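Source file: target-v7.cif; contents: mmCIF, C-alpha atoms.
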```
data_model
#
loop_
_atom_site.label_atom_id
_atom_site.label_comp_id
_atom_site.auth_asym_id
_atom_site.auth_seq_id
_atom_site.Cartn_x
_atom_site.Cartn_y
_atom_site.Cartn_z
CA MET A 1354 -66.51 -96.70 -61.78
CA THR A 1355 -67.60 -94.26 -59.06
CA ILE A 1356 -68.31 -97.12 -56.66
CA MET A 1357 -64.97 -98.76 -57.47
CA ASP A 1358 -63.19 -95.45 -56.81
CA GLU A 1359 -64.96 -95.23 -53.45
CA VAL A 1360 -63.89 -98.78 -52.61
CA MET A 1361 -60.25 -98.04 -53.42
CA GLY A 1362 -60.48 -94.79 -51.49
CA LEU A 1363 -61.74 -96.54 -48.36
CA HIS A 1364 -58.64 -98.75 -48.45
CA LEU A 1365 -56.07 -95.95 -48.76
CA GLY A 1366 -53.57 -96.46 -45.96
CA GLY A 1367 -55.44 -99.57 -44.83
CA LYS A 1368 -58.62 -99.83 -42.77
CA LEU A 1369 -57.12 -100.07 -39.28
CA SER A 1370 -55.11 -97.99 -36.83
CA THR A 1371 -54.05 -98.40 -33.21
CA GLY A 1372 -55.24 -96.12 -30.43
CA LEU A 1373 -54.73 -95.37 -26.76
CA LYS A 1374 -57.20 -96.17 -24.01
CA ASN A 1375 -55.68 -93.47 -21.81
CA PRO A 1376 -53.84 -90.36 -23.06
CA ILE A 1377 -50.16 -89.84 -22.18
CA GLN A 1378 -49.90 -86.11 -21.51
CA SER A 1379 -47.19 -85.71 -18.87
CA MET A 1380 -43.99 -87.22 -17.53
CA GLU A 1381 -46.06 -88.63 -14.67
CA ASP A 1382 -48.33 -90.40 -17.17
CA LEU A 1383 -45.26 -91.70 -18.99
CA SER A 1384 -43.76 -93.11 -15.79
CA LYS A 1385 -46.99 -94.99 -15.10
CA VAL A 1386 -47.62 -96.55 -18.51
CA TYR A 1387 -43.93 -97.26 -19.16
CA THR A 1388 -40.83 -97.36 -17.00
CA PRO A 1389 -40.61 -97.46 -14.03
CA GLY A 1390 -44.27 -98.10 -13.19
CA VAL A 1391 -44.83 -100.85 -15.74
CA ALA A 1392 -42.30 -103.11 -13.97
CA ARG A 1393 -44.79 -103.71 -11.16
CA VAL A 1394 -47.37 -105.00 -13.64
CA CYS A 1395 -44.80 -107.23 -15.35
CA GLN A 1396 -43.77 -108.76 -12.04
CA ALA A 1397 -47.39 -109.47 -11.12
CA ILE A 1398 -47.95 -111.31 -14.40
CA ALA A 1399 -44.67 -113.19 -14.03
CA GLY A 1400 -45.98 -114.48 -10.70
CA ASN A 1401 -49.41 -115.40 -12.12
CA GLU A 1402 -49.69 -115.60 -15.92
CA ASP A 1403 -53.51 -115.50 -15.81
CA LEU A 1404 -53.18 -111.84 -14.80
CA ALA A 1405 -52.25 -111.16 -18.45
CA TYR A 1406 -56.00 -111.35 -19.11
CA GLN A 1407 -56.53 -108.54 -16.62
CA TYR A 1408 -53.60 -106.23 -17.30
CA THR A 1409 -52.83 -106.59 -21.03
CA ILE A 1410 -54.66 -106.54 -24.36
CA LYS A 1411 -54.82 -110.35 -24.32
CA LYS A 1412 -58.36 -110.50 -22.93
CA ASN A 1413 -59.80 -108.67 -25.92
CA MET A 1414 -57.33 -109.38 -28.73
CA VAL A 1415 -57.71 -111.87 -31.59
CA ALA A 1416 -55.15 -112.68 -34.29
CA VAL A 1417 -56.60 -113.01 -37.80
CA VAL A 1418 -54.07 -115.36 -39.39
CA SER A 1419 -53.81 -116.28 -43.07
CA ASP A 1420 -51.26 -117.45 -45.61
CA GLY A 1421 -53.32 -116.06 -48.50
CA THR A 1422 -53.80 -119.42 -50.22
CA ALA A 1423 -57.61 -119.58 -50.37
CA VAL A 1424 -58.89 -115.99 -50.35
CA LEU A 1425 -62.61 -115.56 -51.04
CA GLY A 1426 -63.17 -116.53 -54.68
CA LEU A 1427 -59.66 -115.39 -55.61
CA GLY A 1428 -57.65 -118.46 -54.59
CA ASP A 1429 -53.93 -118.36 -53.84
CA ILE A 1430 -53.08 -114.67 -54.13
CA GLY A 1431 -50.36 -114.55 -51.50
CA PRO A 1432 -50.06 -112.84 -48.11
CA LYS A 1433 -49.69 -109.23 -49.28
CA ALA A 1434 -52.76 -109.37 -51.52
CA ALA A 1435 -54.70 -111.13 -48.74
CA MET A 1436 -54.11 -108.30 -46.27
CA PRO A 1437 -57.17 -106.18 -47.27
CA VAL A 1438 -59.43 -109.16 -46.51
CA MET A 1439 -57.78 -109.79 -43.14
CA GLU A 1440 -57.98 -106.08 -42.30
CA GLY A 1441 -61.66 -106.21 -43.18
CA LYS A 1442 -62.15 -109.20 -40.89
CA ALA A 1443 -60.48 -107.31 -38.05
CA ALA A 1444 -62.69 -104.30 -38.74
CA LEU A 1445 -65.82 -106.45 -38.49
CA PHE A 1446 -64.66 -107.92 -35.18
CA LYS A 1447 -64.41 -104.39 -33.80
CA GLN A 1448 -67.57 -103.02 -35.41
CA PHE A 1449 -69.93 -105.77 -34.36
CA ALA A 1450 -68.51 -107.06 -31.06
CA GLY A 1451 -65.92 -104.58 -29.80
CA VAL A 1452 -63.21 -107.22 -30.22
CA ASP A 1453 -59.74 -105.89 -31.02
CA ALA A 1454 -58.27 -107.95 -33.83
CA PHE A 1455 -55.05 -107.71 -35.79
CA PRO A 1456 -54.34 -109.13 -39.27
CA ILE A 1457 -51.29 -111.37 -39.58
CA CYS A 1458 -50.48 -112.58 -43.10
CA LEU A 1459 -47.70 -115.15 -43.19
CA ASP A 1460 -45.25 -115.59 -46.07
CA SER A 1461 -45.24 -119.36 -45.74
CA LYS A 1462 -47.25 -122.30 -47.02
CA ASP A 1463 -45.42 -124.79 -44.84
CA THR A 1464 -47.78 -126.40 -42.32
CA GLU A 1465 -45.17 -126.90 -39.60
CA GLU A 1466 -43.78 -123.40 -40.02
CA ILE A 1467 -47.23 -121.82 -39.76
CA ILE A 1468 -48.00 -123.84 -36.62
CA THR A 1469 -44.67 -122.82 -35.07
CA ILE A 1470 -45.18 -119.12 -35.87
CA VAL A 1471 -48.74 -119.01 -34.49
CA LYS A 1472 -47.69 -120.81 -31.31
CA ALA A 1473 -44.89 -118.28 -30.83
CA LEU A 1474 -47.33 -115.38 -31.27
CA ALA A 1475 -50.03 -116.84 -29.01
CA PRO A 1476 -49.02 -115.15 -25.71
CA THR A 1477 -50.22 -111.81 -27.12
CA PHE A 1478 -53.70 -113.01 -28.03
CA GLY A 1479 -56.83 -114.32 -26.36
CA GLY A 1480 -57.88 -116.20 -29.50
CA ILE A 1481 -56.75 -117.19 -32.99
CA ASN A 1482 -59.00 -116.82 -36.04
CA LEU A 1483 -57.57 -118.81 -38.96
CA GLU A 1484 -58.67 -117.47 -42.32
CA ASP A 1485 -58.41 -118.39 -46.00
CA ILE A 1486 -55.91 -121.25 -45.63
CA SER A 1487 -56.30 -123.90 -48.32
CA SER A 1488 -57.31 -127.47 -47.55
CA PRO A 1489 -56.20 -130.01 -46.55
CA ARG A 1490 -53.48 -128.02 -44.71
CA CYS A 1491 -56.12 -126.03 -42.83
CA PHE A 1492 -57.32 -129.21 -41.07
CA GLU A 1493 -53.86 -130.09 -39.74
CA ILE A 1494 -53.02 -126.50 -38.77
CA GLU A 1495 -56.23 -126.04 -36.82
CA ALA A 1496 -56.15 -129.46 -35.16
CA ARG A 1497 -52.56 -129.04 -33.98
CA LEU A 1498 -53.06 -125.51 -32.72
CA LYS A 1499 -56.23 -126.46 -30.85
CA LYS A 1500 -54.31 -129.28 -29.18
CA GLU A 1501 -51.16 -127.33 -28.38
CA LEU A 1502 -52.55 -123.92 -27.33
CA ASP A 1503 -54.64 -122.93 -24.31
CA ILE A 1504 -56.63 -120.28 -26.19
CA PRO A 1505 -59.49 -120.70 -28.70
CA VAL A 1506 -58.45 -121.53 -32.27
CA PHE A 1507 -61.24 -121.14 -34.81
CA HIS A 1508 -61.05 -121.64 -38.59
CA ASP A 1509 -63.89 -119.40 -39.70
CA ASP A 1510 -64.08 -120.77 -43.24
CA GLN A 1511 -65.03 -124.09 -41.68
CA HIS A 1512 -66.84 -123.43 -38.45
CA GLY A 1513 -68.23 -119.95 -39.00
CA THR A 1514 -69.84 -121.19 -42.19
CA ALA A 1515 -71.13 -124.30 -40.43
CA ILE A 1516 -72.68 -122.33 -37.56
CA VAL A 1517 -74.47 -119.85 -39.82
CA VAL A 1518 -75.69 -122.63 -42.14
CA LEU A 1519 -77.11 -124.55 -39.18
CA ALA A 1520 -78.82 -121.40 -37.89
CA GLY A 1521 -80.48 -120.95 -41.27
CA ILE A 1522 -81.42 -124.63 -41.57
CA LEU A 1523 -83.03 -124.62 -38.12
CA ASN A 1524 -85.30 -121.75 -39.16
CA ALA A 1525 -85.94 -123.15 -42.65
CA LEU A 1526 -87.06 -126.43 -41.09
CA LYS A 1527 -89.56 -124.51 -38.95
CA VAL A 1528 -90.94 -122.75 -42.03
CA CYS A 1529 -91.27 -126.07 -43.87
CA ASN A 1530 -92.52 -127.98 -40.83
CA LYS A 1531 -89.76 -130.58 -41.17
CA ASP A 1532 -87.53 -132.35 -38.63
CA ILE A 1533 -83.74 -132.41 -38.90
CA LYS A 1534 -83.73 -135.97 -37.56
CA THR A 1535 -85.80 -137.32 -40.45
CA ALA A 1536 -84.75 -134.95 -43.25
CA LYS A 1537 -82.61 -136.20 -46.12
CA ILE A 1538 -79.72 -133.75 -46.47
CA VAL A 1539 -77.31 -133.53 -49.40
CA VAL A 1540 -74.13 -131.49 -48.98
CA ASN A 1541 -72.32 -130.77 -52.24
CA GLY A 1542 -68.62 -129.91 -52.04
CA ILE A 1543 -66.69 -131.90 -49.45
CA GLY A 1544 -63.86 -129.52 -48.69
CA ALA A 1545 -63.17 -127.63 -45.49
CA ALA A 1546 -66.54 -125.89 -45.35
CA GLY A 1547 -68.57 -128.90 -46.51
CA ILE A 1548 -67.08 -131.18 -43.88
CA ALA A 1549 -67.57 -128.64 -41.09
CA VAL A 1550 -71.17 -127.97 -42.17
CA SER A 1551 -71.89 -131.70 -42.20
CA LYS A 1552 -70.39 -132.28 -38.76
CA MET A 1553 -72.35 -129.36 -37.34
CA LEU A 1554 -75.62 -130.70 -38.76
CA LEU A 1555 -74.88 -134.17 -37.38
CA HIS A 1556 -74.13 -132.66 -33.97
CA ALA A 1557 -77.52 -130.93 -34.14
CA GLY A 1558 -79.34 -134.20 -34.76
CA ALA A 1559 -79.17 -134.89 -38.51
CA VAL A 1560 -78.99 -138.57 -39.44
CA ASN A 1561 -79.48 -139.06 -43.17
CA LEU A 1562 -76.75 -136.80 -44.54
CA ILE A 1563 -74.91 -137.57 -47.77
CA GLY A 1564 -71.82 -135.75 -48.97
CA VAL A 1565 -71.26 -135.40 -52.71
CA ASP A 1566 -68.20 -134.24 -54.58
CA ARG A 1567 -67.14 -134.34 -58.25
CA GLN A 1568 -66.88 -138.11 -58.31
CA GLY A 1569 -70.23 -138.65 -56.61
CA ALA A 1570 -71.52 -139.64 -53.20
CA ILE A 1571 -68.93 -140.18 -50.46
CA SER A 1572 -69.38 -143.67 -49.03
CA ARG A 1573 -67.57 -145.88 -46.53
CA THR A 1574 -67.61 -148.65 -49.16
CA VAL A 1575 -64.99 -146.74 -51.17
CA GLU A 1576 -61.30 -146.22 -50.35
CA TYR A 1577 -60.10 -142.63 -50.69
CA ASP A 1578 -56.65 -141.09 -51.01
CA LYS A 1579 -57.82 -138.10 -48.97
CA PRO A 1580 -57.80 -138.94 -45.22
CA HIS A 1581 -60.46 -136.33 -44.47
CA TRP A 1582 -62.81 -138.01 -46.97
CA SER A 1583 -62.23 -141.41 -45.37
CA GLU A 1584 -63.08 -139.96 -41.95
CA PHE A 1585 -66.12 -138.17 -43.39
CA ALA A 1586 -67.40 -141.37 -45.01
CA GLN A 1587 -67.50 -143.13 -41.66
CA ILE A 1588 -70.02 -140.70 -40.15
CA THR A 1589 -72.28 -139.99 -43.14
CA ASN A 1590 -74.40 -141.68 -45.84
CA PRO A 1591 -76.05 -144.29 -43.57
CA ASN A 1592 -77.92 -145.89 -46.47
CA LEU A 1593 -74.75 -146.15 -48.59
CA GLU A 1594 -76.22 -144.26 -51.52
CA THR A 1595 -74.12 -144.07 -54.69
CA GLY A 1596 -74.06 -142.01 -57.85
CA LEU A 1597 -73.62 -138.41 -58.92
CA LEU A 1598 -75.52 -135.43 -57.51
CA SER A 1599 -78.44 -135.85 -59.93
CA GLU A 1600 -79.06 -139.34 -58.51
CA VAL A 1601 -78.43 -138.68 -54.81
CA ILE A 1602 -80.56 -135.51 -54.78
CA LYS A 1603 -83.76 -137.46 -55.49
CA GLY A 1604 -86.14 -137.21 -52.55
CA ALA A 1605 -83.83 -134.88 -50.60
CA ASP A 1606 -85.39 -132.35 -48.25
CA ILE A 1607 -82.31 -130.13 -48.08
CA PHE A 1608 -79.53 -129.24 -50.51
CA ILE A 1609 -76.49 -127.38 -49.20
CA GLY A 1610 -73.95 -126.28 -51.77
CA VAL A 1611 -70.44 -125.11 -50.92
CA SER A 1612 -69.08 -126.01 -54.31
CA ALA A 1613 -69.25 -124.47 -57.79
CA PRO A 1614 -71.53 -122.29 -59.95
CA GLY A 1615 -74.35 -123.97 -61.87
CA ILE A 1616 -73.73 -127.43 -60.43
CA LEU A 1617 -77.39 -127.89 -59.35
CA LYS A 1618 -79.77 -128.26 -62.29
CA LEU A 1619 -83.45 -127.37 -62.32
CA SER A 1620 -84.28 -131.03 -62.91
CA ASP A 1621 -82.36 -131.86 -59.72
CA VAL A 1622 -84.48 -129.43 -57.70
CA GLN A 1623 -87.65 -130.83 -59.25
CA SER A 1624 -86.66 -134.33 -58.10
CA MET A 1625 -86.33 -133.26 -54.45
CA ALA A 1626 -88.99 -133.89 -51.79
CA ALA A 1627 -91.96 -131.56 -51.38
CA ASP A 1628 -91.17 -128.09 -50.01
CA PRO A 1629 -87.41 -128.40 -50.57
CA ILE A 1630 -84.79 -126.23 -48.89
CA VAL A 1631 -81.90 -125.08 -51.08
CA PHE A 1632 -78.81 -123.32 -49.71
CA ALA A 1633 -76.72 -122.49 -52.81
CA MET A 1634 -73.68 -120.72 -51.35
CA ALA A 1635 -71.05 -120.72 -54.09
CA ASN A 1636 -69.86 -117.12 -54.50
CA PRO A 1637 -70.32 -114.98 -56.44
CA THR A 1638 -72.36 -117.32 -58.65
CA PRO A 1639 -74.56 -119.84 -56.75
CA GLU A 1640 -74.98 -123.53 -57.58
CA ILE A 1641 -78.32 -122.58 -59.17
CA ASP A 1642 -79.81 -119.23 -60.14
CA PRO A 1643 -82.25 -118.35 -57.32
CA GLU A 1644 -84.72 -116.86 -59.78
CA ILE A 1645 -84.82 -120.06 -61.83
CA ALA A 1646 -85.19 -122.22 -58.71
CA ALA A 1647 -87.76 -119.97 -56.99
CA PRO A 1648 -90.97 -121.61 -58.31
CA TYR A 1649 -89.81 -125.04 -57.13
CA VAL A 1650 -88.15 -124.23 -53.80
CA LYS A 1651 -89.83 -123.50 -50.45
CA VAL A 1652 -86.79 -121.78 -48.87
CA MET A 1653 -83.85 -120.48 -50.88
CA ALA A 1654 -80.64 -119.09 -49.38
CA THR A 1655 -77.36 -117.93 -50.91
CA GLY A 1656 -74.13 -116.26 -49.86
CA ARG A 1657 -75.09 -113.08 -51.67
CA SER A 1658 -76.41 -109.86 -50.17
CA ASP A 1659 -78.64 -109.05 -53.15
CA TYR A 1660 -80.98 -112.00 -52.46
CA PRO A 1661 -83.02 -112.80 -49.34
CA ASN A 1662 -81.63 -115.18 -46.71
CA GLN A 1663 -77.93 -114.38 -47.01
CA ILE A 1664 -75.69 -116.92 -45.27
CA ASN A 1665 -72.96 -114.62 -43.98
CA ASN A 1666 -70.23 -115.54 -41.48
CA VAL A 1667 -70.35 -112.04 -40.00
CA LEU A 1668 -73.42 -113.26 -38.11
CA CYS A 1669 -71.19 -115.68 -36.22
CA PHE A 1670 -67.53 -114.92 -35.63
CA PRO A 1671 -67.82 -111.60 -33.75
CA GLY A 1672 -70.28 -112.99 -31.21
CA ILE A 1673 -68.63 -116.35 -30.71
CA PHE A 1674 -65.26 -114.73 -30.00
CA ARG A 1675 -66.92 -112.08 -27.80
CA GLY A 1676 -68.30 -114.88 -25.63
CA ALA A 1677 -65.12 -116.95 -25.69
CA LEU A 1678 -62.95 -113.98 -24.71
CA ASP A 1679 -65.30 -112.81 -21.97
CA CYS A 1680 -65.10 -116.15 -20.17
CA GLY A 1681 -61.42 -116.79 -20.96
CA ALA A 1682 -62.29 -119.96 -22.87
CA THR A 1683 -59.46 -122.35 -23.67
CA ASP A 1684 -61.33 -123.72 -26.68
CA ILE A 1685 -64.34 -123.17 -28.94
CA ASN A 1686 -65.88 -126.63 -28.80
CA GLU A 1687 -68.83 -128.28 -30.52
CA ASP A 1688 -71.26 -127.38 -27.74
CA MET A 1689 -70.31 -123.71 -28.03
CA LYS A 1690 -70.74 -123.80 -31.81
CA LEU A 1691 -74.16 -125.43 -31.50
CA ALA A 1692 -75.16 -122.85 -28.89
CA ALA A 1693 -74.07 -120.05 -31.25
CA ALA A 1694 -76.16 -121.48 -34.13
CA GLN A 1695 -79.22 -121.81 -31.92
CA ALA A 1696 -78.72 -118.25 -30.66
CA ILE A 1697 -78.60 -116.86 -34.21
CA SER A 1698 -81.75 -118.74 -35.18
CA SER A 1699 -83.54 -117.49 -32.05
CA VAL A 1700 -83.08 -113.82 -33.01
CA ILE A 1701 -86.10 -114.13 -35.31
CA PRO A 1702 -89.27 -115.09 -33.37
CA ALA A 1703 -91.11 -118.10 -34.82
CA SER A 1704 -94.10 -115.88 -35.56
CA GLU A 1705 -92.00 -113.70 -37.87
CA LEU A 1706 -90.27 -116.45 -39.86
CA ARG A 1707 -91.05 -116.47 -43.58
CA THR A 1708 -89.69 -118.25 -46.61
CA ASP A 1709 -87.69 -115.11 -47.44
CA TYR A 1710 -86.77 -114.24 -43.84
CA ILE A 1711 -84.90 -117.00 -42.01
CA MET A 1712 -81.66 -115.07 -41.29
CA PRO A 1713 -81.37 -111.99 -39.04
CA ASP A 1714 -79.70 -108.78 -40.13
CA ALA A 1715 -76.00 -108.64 -39.24
CA PHE A 1716 -76.57 -105.13 -37.80
CA ASN A 1717 -79.17 -106.39 -35.33
CA PRO A 1718 -77.42 -105.90 -31.94
CA ARG A 1719 -79.23 -108.91 -30.47
CA VAL A 1720 -77.18 -111.24 -32.69
CA VAL A 1721 -73.89 -110.69 -30.85
CA GLU A 1722 -75.66 -110.31 -27.50
CA LEU A 1723 -77.47 -113.66 -27.73
CA ILE A 1724 -74.47 -115.53 -29.16
CA ARG A 1725 -72.23 -114.17 -26.41
CA GLU A 1726 -74.58 -115.30 -23.64
CA ALA A 1727 -75.14 -118.73 -25.19
CA VAL A 1728 -71.42 -119.31 -25.80
CA ILE A 1729 -70.47 -118.38 -22.24
CA ARG A 1730 -73.12 -120.75 -20.83
CA ALA A 1731 -71.91 -123.57 -23.07
CA ALA A 1732 -68.25 -122.90 -22.22
CA VAL A 1733 -68.92 -122.96 -18.49
CA LYS A 1734 -71.08 -126.08 -18.75
CA SER A 1735 -68.50 -127.94 -20.87
CA GLY A 1736 -65.62 -126.95 -18.60
CA VAL A 1737 -63.52 -124.82 -20.99
CA ALA A 1738 -64.12 -121.43 -19.32
CA ARG A 1739 -61.55 -119.97 -16.98
CA THR A 1740 -64.15 -119.63 -14.24
CA GLY A 1741 -62.20 -116.92 -12.43
CA LEU A 1742 -62.76 -114.67 -15.45
CA VAL A 1743 -66.51 -115.23 -15.71
CA THR A 1744 -68.33 -112.37 -14.02
CA GLU A 1745 -71.77 -110.82 -14.30
CA ASN A 1746 -70.23 -108.05 -16.39
CA SER A 1747 -68.09 -110.31 -18.58
#
```
Could you write out this file's structure as structure tokens?
Amino acid sequence: MTIMDEVMGLHLGGKLSTGLKNPIQSMEDLSKVYTPGVARVCQAIAGNEDLAYQYTIKKNMVAVVSDGTAVLGLGDIGPKAAMPVMEGKAALFKQFAGVDAFPICLDSKDTEEIITIVKALAPTFGGINLEDISSPRCFEIEARLKKELDIPVFHDDQHGTAIVVLAGILNALKVCNKDIKTAKIVVNGIGAAGIAVSKMLLHAGAVNLIGVDRQGAISRTVEYDKPHWSEFAQITNPNLETGLLSEVIKGADIFIGVSAPGILKLSDVQSMAADPIVFAMANPTPEIDPEIAAPYVKVMATGRSDYPNQINNVLCFPGIFRGALDCGATDINEDMKLAAAQAISSVIPASELRTDYIMPDAFNPRVVELIREAVIRAAVKSGVARTGLVTENS
């Protein structure tokens, strides 16, 4: 009860406030920050809109946008109830990467209306972080905004999860002396996160990856009502495996769960290949109890902070936006995501990797630093950086 009271107390009045970079203490100050002095700045930006990155909050401001339909493990709780989560996200942006972020919770579930609203808000922001929007609408919203805006649009539930999972898998493979190109990988739960995780792994070199949902393995031999499943089937399951999880898991090197509690049985783990890697990330209750799985698993990871190897998106989104903002990126593309995952994995030297230590601490300052540098390099190389904004001090 004491802890709960402390939690409620920390949220009194919200977790955010605005502040001034420079104090306004005289009429002279007022004339410079507002009328008449501000007109000169407005005219400069009107003549060259890129100057907004230099003379407004745009260069360091991210919108955290949600409709409150898929909040944590709470589901569709609406925009007002979602606000504490979005405020928390904004607080983490500031704490870990110095990024100013503002929560925007929309009272709409209409895909077109959400797209229209975010597009209208975009001039204020250097990036858009979509959060806790239910699938399949989240796919359409992100895809359209990425296409129609000239600033990065990033759905953290998809891509943040995918980046951190890949970072963990890269280090787990080193511990187990396995190769991503030859590993059999089973991803359970083919929703927004599962699809993004799978695509990220494929981009990193995975070949034999099978997606499994309630009805079994996703295969291109089956017709699906869900368009995102049909697309997913075309790029996965090269051996056209069929059956439920208990059948597909046999001989697998890696299990990644973004699904439901207790879905992975001990017998399933025992049927995996030698030295298996299990990422059971259902929250708050994993796909299998880590303590039950421990004797049979080489590397175990969850989404929980009370077990080793926590897969936590806070390792990713502050750094990736820090890098994207600092080079004025117009997109966060696959190369930038891969670079971010590799940067996270590189924080822990190979000599220090252990079965219970494959993920760095979120408070390690090198996490954001290395992600930022890697993301800027990838953005410049892939042609999405506004090169005029990339400087040695960016």
Inset, instruction - Would you write out, as a list in words, every residue that the PyMOL selection byres ((chain A and resi 1689-1700) around 7) captures in this file? - result: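 For this structure, the PyMOL selection byres ((chain A and resi 1689-1700) around 7) captures Ile1516, Val1517, Leu1519, Ala1520, Gly1521, Leu1523, Asn1524, Ala1557, Ile1673, Ile1685, Asn1686, Glu1687, Asp1688, Ile1701, Pro1702, Pro1713, Arg1719, Val1720, Leu1723, Ile1724, Ala1727, Val1728, Ala1731 and Ala1732 of chain A.
Between Arg1497 of chain A and the candidates A:Lys1368, A:Lys1442, A:Lys1374, A:Lys1472, the tightest atom-to-atom separation, counting all atoms listed in the file, involves A:Lys1472.
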Inset, instruction - Give me, please, the distance in Å between atom CA of Glu1705 of chain A and atom CA of Glu1640 of chain A, quoted to one decimal. - result: 27.8 Å
Legend entry - the PyMOL selection byres ((chain A and resi 1451) around 12) resolved against shown file, as a list in words: Lys1412, Asn1413, Met1414, Val1415, Ala1443, Ala1444, Leu1445, Phe1446, Lys1447, Gln1448, Phe1449, Ala1450, Val1452, Asp1453, Ala1454, Phe1670, Pro1671, Gly1672, Phe1674, Arg1675, Gly1676, Leu1678, Asp1679, Pro1718, Val1721, Glu1722 and Arg1725 of chain A
I'd like a table as a tab-separated table: residues in segment 1669-1729 of chain A with an atom no more than 7 Å from segment 1733-1739 of chain A, each row giving the shortest atom pair and its distance in Å to one decimal, only C-alpha atoms counted, sorted by chain and rising residue number.
```
residue	atom	partner	partner_atom	distance
A:Cys1680	CA	A:Ala1738	CA	5.4
A:Gly1681	CA	A:Arg1739	CA	5.1
A:Ala1682	CA	A:Ala1738	CA	4.3
A:Thr1683	CA	A:Val1737	CA	5.5
A:Asp1684	CA	A:Val1737	CA	6.2
A:Ile1729	CA	A:Val1733	CA	6.1
```
Can you check which parts of segment 1614-1686 of chain A lie within 12 Å of segment 1421-1425 of chain A? Per residue, the shortest pair of atoms and distance in Å to one decimal, counting all atoms listed in the file, sorted by chain and number, as a Markdown table.
```
| residue | atom | partner | partner_atom | distance |
| --- | --- | --- | --- | --- |
| A:Ala1635 | CA | A:Leu1425 | CA | 10.4 |
| A:Asn1636 | CA | A:Leu1425 | CA | 8.2 |
| A:Pro1637 | CA | A:Leu1425 | CA | 9.4 |
| A:Gly1656 | CA | A:Leu1425 | CA | 11.6 |
```
Inset, instruction - Decode the PyMOL selection byres ((chain A and resi 1628) around 6) for the given file into explicit residues and return them as a VMD selection string. - result: chain A and resid 1627 1629 1651
Would you save the residues of that selection, restricted to C-alpha atoms, as a short mmCIF file (atom, residue, chain, number, x, y, z; two decimals), in the frame of the given file?
```
data_model
loop_
_atom_site.label_atom_id
_atom_site.label_comp_id
_atom_site.auth_asym_id
_atom_site.auth_seq_id
_atom_site.Cartn_x
_atom_site.Cartn_y
_atom_site.Cartn_z
CA ALA A 1627 -91.96 -131.56 -51.38
CA PRO A 1629 -87.41 -128.40 -50.57
CA LYS A 1651 -89.83 -123.50 -50.45
#
```
Legend entry - Distance of atom CA of Ala1570 of chain A from atom CA of Val1601 of chain A, expressed in Å to one decimal place: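 Going from atom CA of Val1601 of chain A over to atom CA of Ala1570 of chain A, I get 7.2 Å.
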Legend entry - Atomic distance atom CA of Asp1709 of chain A - atom CA of Val1622 of chain A, expressed in Å with one decimal: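 Computed distance, atom CA of Asp1709 of chain A to atom CA of Val1622 of chain A, equals 17.9 Å.
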Inset, instruction - Do a neighbour search on Ser1583 of chain A at 10 Å with all atoms listed in the file, toss out local chain neighbours closer than 6 positions, and write the hits as a PyMOL selection string. - result: chain A and resi 1571-1577
Write out as a PDB file with C-alpha atoms, keeping the file's coordinate frame which residues come within 8 Å of Gly1615 of chain A when counting only C-alpha atoms, dropping same-chain ones fewer than 4 positions away.
```pdb
ATOM      1  CA  THR A1638     -72.360-117.320 -58.650  1.00  0.00           C
ATOM      2  CA  PRO A1639     -74.560-119.840 -56.750  1.00  0.00           C
ATOM      3  CA  GLU A1640     -74.980-123.530 -57.580  1.00  0.00           C
ATOM      4  CA  ILE A1641     -78.320-122.580 -59.170  1.00  0.00           C
ATOM      5  CA  ASP A1642     -79.810-119.230 -60.140  1.00  0.00           C
TER       6      ASP A1642
END
```
Closest pair table for segment 1586-1662 of chain A residues within 6 Å of segment 1536-1550 of chain A, all atoms listed in the file, as CSV:
```
residue,atom,partner,partner_atom,distance
A:Ala1605,CA,A:Lys1537,CA,4.8
A:Asp1606,CA,A:Lys1537,CA,5.2
A:Ile1607,CA,A:Ile1538,CA,4.7
A:Phe1608,CA,A:Val1539,CA,5.0
A:Ile1609,CA,A:Val1540,CA,4.7
A:Gly1610,CA,A:Asn1541,CA,4.8
A:Val1611,CA,A:Gly1542,CA,5.3
A:Ser1612,CA,A:Gly1542,CA,4.5
```
